[in-house]
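Okay, so here's the structure we're looking at.
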Amino acid sequence: MITVLRAGLPLLQFPLLNVFPEIVHGVTTRHGGVSTGRWASLNLGWSVGDAPEAVAENRRRVYASLGLDPGRGAAGRQVHGTRVAVVGPDGPAGVSAPGTALPDTDALLTAVPGVGLLVIAGDCVPVLLWDPAQRVVGTVHAGWRGTVAGAVGQAVAAMAAHFGSRPGDVRAGIGPAIGPCCYEVDGPVLAPLRAAFPDDWAGLVQPREGDRALLDLWEANRRALLAAGLAPEHIDVAGLCTRCHRDQVYSERAEGRPAGRFGAVIALREGTGAA
């Protein structure tokens, strides 16, 4: 990823997506906001104990840095599921005030210019999607449960069903998340993951003592995107471990609960729309 400064706010961006002038996107760090204490300073999560007015200002700053109106933004109440919401011109919700997010939603899609889709994370994988042919953007939240359930594949399938997207046209950015260096899990996680990825198992885990192993969520989601029909060259993996880089992004594994949340935003620029 590359770091850019927008309106004084540091943002991480995917080189793969940066070549498309039709979209704006960014992954936030923990810097540039107004939150204090354990949430310092750009926490985007409402439900981690931070002051709501600080979260609202942090979100406003993020959207302003991308030239977007947070009042037109959309976010879901993430529950580690696979529900995909299609956001139309009258459907934005969830960014500017607590309690307004789309219920039980871990993936969002829109073809409406100016609607910034937000996904937040603390160690889970945020994924950004972009179809330059149909001009559709999307976000996905994929922790281990969402990864096992096929969240990214469901989002790509919804792009095809609702907008006529061809998976081979879709680009994806797999954002910062806890990496295979640090994500140690045990049998209750490994068993469903093995069932979900029976042919890819060896490439996703590094065995440890007993029933424990290090899990590569980045690679699991990359392979899920490949299985959904994306081309390998159309997938950009940030490779930034949240636990190792707690100076840059929030990590609940590193900091304990409650930890702040960083986010990823993507939108079609105003003046563009469906092909």
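Residue names in the structure tokens use chain letters A, B, ... in the order shown, residue numbers from 1 in each chain, and ligand numbers from 1 in the order shown.
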### Message
Residues within 12 Å of stretch 204-220 of chain A, please, as a PyMOL selection string. Count only C-alpha atoms; anything in the same chain fewer than 4 positions from it doesn't count.
### Response
chain A and resi 123-127+141-153+172-191+193-194+196-200+224-227+232+235-242
### Task
May I have all residues of stretch 25-249 of chain A that DSSP, computed from the backbone, assigns to strand (DSSP E or B), given as a PyMOL selection string?
chain A and resi 25-28+74-76+84-87+102+107-110+117-121+125-131+136-142+171-174+177+184-185+205-207+213-215+235-237+241
Give me, as a tab-separated table (two decimals) with N, CA and C atoms, in the first residue's frame, the residues of stretch 79-168 of chain A that a backbone DSSP run labels alpha helix (DSSP H).
chain	number	residue	atom	x	y	z
A	144	TRP	N	-12.70	-14.37	10.63
A	144	TRP	CA	-12.61	-15.79	10.28
A	144	TRP	C	-13.99	-16.37	10.01
A	145	ARG	N	-15.01	-15.92	10.73
A	145	ARG	CA	-16.36	-16.45	10.50
A	145	ARG	C	-16.88	-16.05	9.11
A	146	GLY	N	-16.71	-14.78	8.77
A	146	GLY	CA	-17.13	-14.34	7.45
A	146	GLY	C	-16.34	-14.99	6.33
A	147	THR	N	-15.06	-15.23	6.59
A	147	THR	CA	-14.22	-15.90	5.60
A	147	THR	C	-14.70	-17.32	5.36
A	148	VAL	N	-14.97	-18.03	6.44
A	148	VAL	CA	-15.47	-19.41	6.34
A	148	VAL	C	-16.83	-19.44	5.64
A	149	ALA	N	-17.67	-18.46	5.93
A	149	ALA	CA	-19.01	-18.42	5.35
A	149	ALA	C	-19.03	-17.96	3.90
A	151	ALA	N	-17.98	-14.68	2.67
A	151	ALA	CA	-18.49	-13.31	2.54
A	151	ALA	C	-18.04	-12.65	1.24
A	152	VAL	N	-16.77	-12.78	0.88
A	152	VAL	CA	-16.31	-12.10	-0.34
A	152	VAL	C	-16.94	-12.71	-1.59
A	153	GLY	N	-17.10	-14.02	-1.60
A	153	GLY	CA	-17.75	-14.66	-2.74
A	153	GLY	C	-19.20	-14.24	-2.88
A	154	GLN	N	-19.89	-14.09	-1.75
A	154	GLN	CA	-21.28	-13.63	-1.78
A	154	GLN	C	-21.37	-12.22	-2.34
A	155	ALA	N	-20.40	-11.37	-1.98
A	155	ALA	CA	-20.42	-10.00	-2.48
A	155	ALA	C	-20.20	-9.95	-3.98
A	156	VAL	N	-19.25	-10.74	-4.47
A	156	VAL	CA	-19.00	-10.79	-5.91
A	156	VAL	C	-20.21	-11.34	-6.65
A	157	ALA	N	-20.85	-12.37	-6.09
A	157	ALA	CA	-22.06	-12.92	-6.71
A	157	ALA	C	-23.18	-11.88	-6.74
A	158	ALA	N	-23.29	-11.08	-5.69
A	158	ALA	CA	-24.31	-10.03	-5.67
A	158	ALA	C	-24.02	-8.95	-6.70
A	159	MET	N	-22.75	-8.65	-6.94
A	159	MET	CA	-22.40	-7.69	-7.99
A	159	MET	C	-22.88	-8.20	-9.35
A	160	ALA	N	-22.72	-9.49	-9.57
A	160	ALA	CA	-23.18	-10.07	-10.83
A	160	ALA	C	-24.70	-10.06	-10.92
A	161	ALA	N	-25.37	-10.43	-9.83
A	161	ALA	CA	-26.82	-10.54	-9.85
A	161	ALA	C	-27.51	-9.19	-9.99
A	162	HIS	N	-27.00	-8.19	-9.30
A	162	HIS	CA	-27.69	-6.89	-9.27
A	162	HIS	C	-27.23	-5.93	-10.35
A	163	PHE	N	-25.98	-6.07	-10.79
A	163	PHE	CA	-25.43	-5.08	-11.71
A	163	PHE	C	-24.88	-5.67	-13.01
### Query
How far is it from atom CA of A:Tyr63 to atom CA of A:Gly122, in Å with one decimal?
19.2 Å
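Among the candidates A:Leu68, A:Ala264, A:Leu42, A:Ala85, the one nearest to A:Asp106 when counting only C-alpha atoms is A:Ala85.
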### Query
In terms of the shortest atom-to-atom distance over only C-alpha atoms, which of A:Val119, A:Val137, A:Val24, A:Val87 is closest to A:Gly45?
A:Val119
### Task
Do a neighbour search on A:Ala40 at 8 Å with only C-alpha atoms, toss out local chain neighbours closer than 5 positions, and write the hits as a list in words.
Arg30, His31, Gly33, Val34, Ser35 and Gly260 of chain A
### Task
Please identify all polymer residues within 8 Å of stretch 168-171 of chain A, counting only C-alpha atoms, omitting same-chain residues fewer than 4 positions from it, and present them as an MDAnalysis selection string.
chainID A and resid 16:17 129:133 229:231 234:235
### Message
List the spatial neighbours of A:Gly114 as a ChimeraX atom specification - criterion: any atom at most 10 Å away, only C-alpha atoms, same-chain residues fewer than 6 positions off excluded.
### Response
/A:23-24,67-70,72-73,89,266-273
Selection above as a file: C-alpha atoms, as a compact mmCIF listing (two decimals), in the first residue's frame:
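Written file, part.txt:
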# COMPACT_ATOMS: atom_id res chain seq x y z
CA ILE A 23 -13.25 6.13 -7.81
CA VAL A 24 -11.87 7.42 -4.53
CA GLY A 67 -14.23 14.76 -0.94
CA LEU A 68 -17.30 12.91 0.30
CA ASP A 69 -20.32 13.82 2.41
CA PRO A 70 -20.69 11.49 5.42
CA ARG A 72 -24.51 10.24 2.07
CA GLY A 73 -22.28 7.46 3.37
CA PRO A 89 -29.76 6.82 -4.08
CA ILE A 266 -14.65 3.50 -1.37
CA ALA A 267 -16.94 5.56 -3.60
CA LEU A 268 -17.64 6.45 -7.18
CA ARG A 269 -16.66 10.02 -7.89
CA GLU A 270 -19.43 12.47 -8.57
CA GLY A 271 -20.07 12.76 -12.29
CA THR A 272 -19.66 9.04 -12.93
CA GLY A 273 -22.17 6.23 -12.85
### Spatial neighbours of A:Trp46, max dist 10 Å, only C-alpha atoms, sep filter under 4 positions, as a PyMOL selection string
chain A and resi 50-56+95+97-99+260-261
Save out the residues we just selected, N, CA and C atoms, as a tab-separated table (two decimals), in the first residue's frame.
chain	number	residue	atom	x	y	z
A	50	ASP	N	-15.85	4.78	23.03
A	50	ASP	CA	-15.39	6.13	22.73
A	50	ASP	C	-16.57	7.10	22.75
A	51	ALA	N	-16.26	8.38	22.91
A	51	ALA	CA	-17.31	9.41	22.91
A	51	ALA	C	-17.93	9.50	21.52
A	52	PRO	N	-19.26	9.42	21.42
A	52	PRO	CA	-19.91	9.46	20.11
A	52	PRO	C	-19.57	10.69	19.29
A	53	GLU	N	-19.45	11.84	19.95
A	53	GLU	CA	-19.13	13.06	19.22
A	53	GLU	C	-17.72	13.01	18.61
A	54	ALA	N	-16.81	12.29	19.28
A	54	ALA	CA	-15.46	12.14	18.73
A	54	ALA	C	-15.48	11.22	17.51
A	55	VAL	N	-16.23	10.14	17.59
A	55	VAL	CA	-16.34	9.22	16.46
A	55	VAL	C	-16.97	9.93	15.27
A	56	ALA	N	-18.01	10.70	15.52
A	56	ALA	CA	-18.66	11.42	14.43
A	56	ALA	C	-17.70	12.39	13.75
A	95	VAL	N	-23.35	6.22	8.77
A	95	VAL	CA	-22.03	6.81	8.93
A	95	VAL	C	-22.02	7.95	9.94
A	97	ALA	N	-24.19	8.93	12.45
A	97	ALA	CA	-24.75	8.85	13.80
A	97	ALA	C	-24.83	7.40	14.23
A	98	PRO	N	-24.62	7.13	15.53
A	98	PRO	CA	-24.73	5.75	16.02
A	98	PRO	C	-26.15	5.23	15.91
A	99	GLY	N	-26.27	3.92	15.74
A	99	GLY	CA	-27.59	3.29	15.69
A	99	GLY	C	-28.29	3.40	14.37
A	260	GLY	N	-9.85	0.60	19.50
A	260	GLY	CA	-10.46	1.39	18.46
A	260	GLY	C	-10.60	0.61	17.16
A	261	ARG	N	-11.20	1.25	16.19
A	261	ARG	CA	-11.41	0.64	14.88
A	261	ARG	C	-10.93	1.59	13.79
### Task
Work out how far atom CA of A:Val265 is from atom CA of A:Tyr250, in Å to one decimal.
16.2 Å
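Closest approach to A:Pro10 among A:Thr29, A:Ser41, A:Asn58, A:Thr110 is made by A:Thr29 (distances from only C-alpha atoms).
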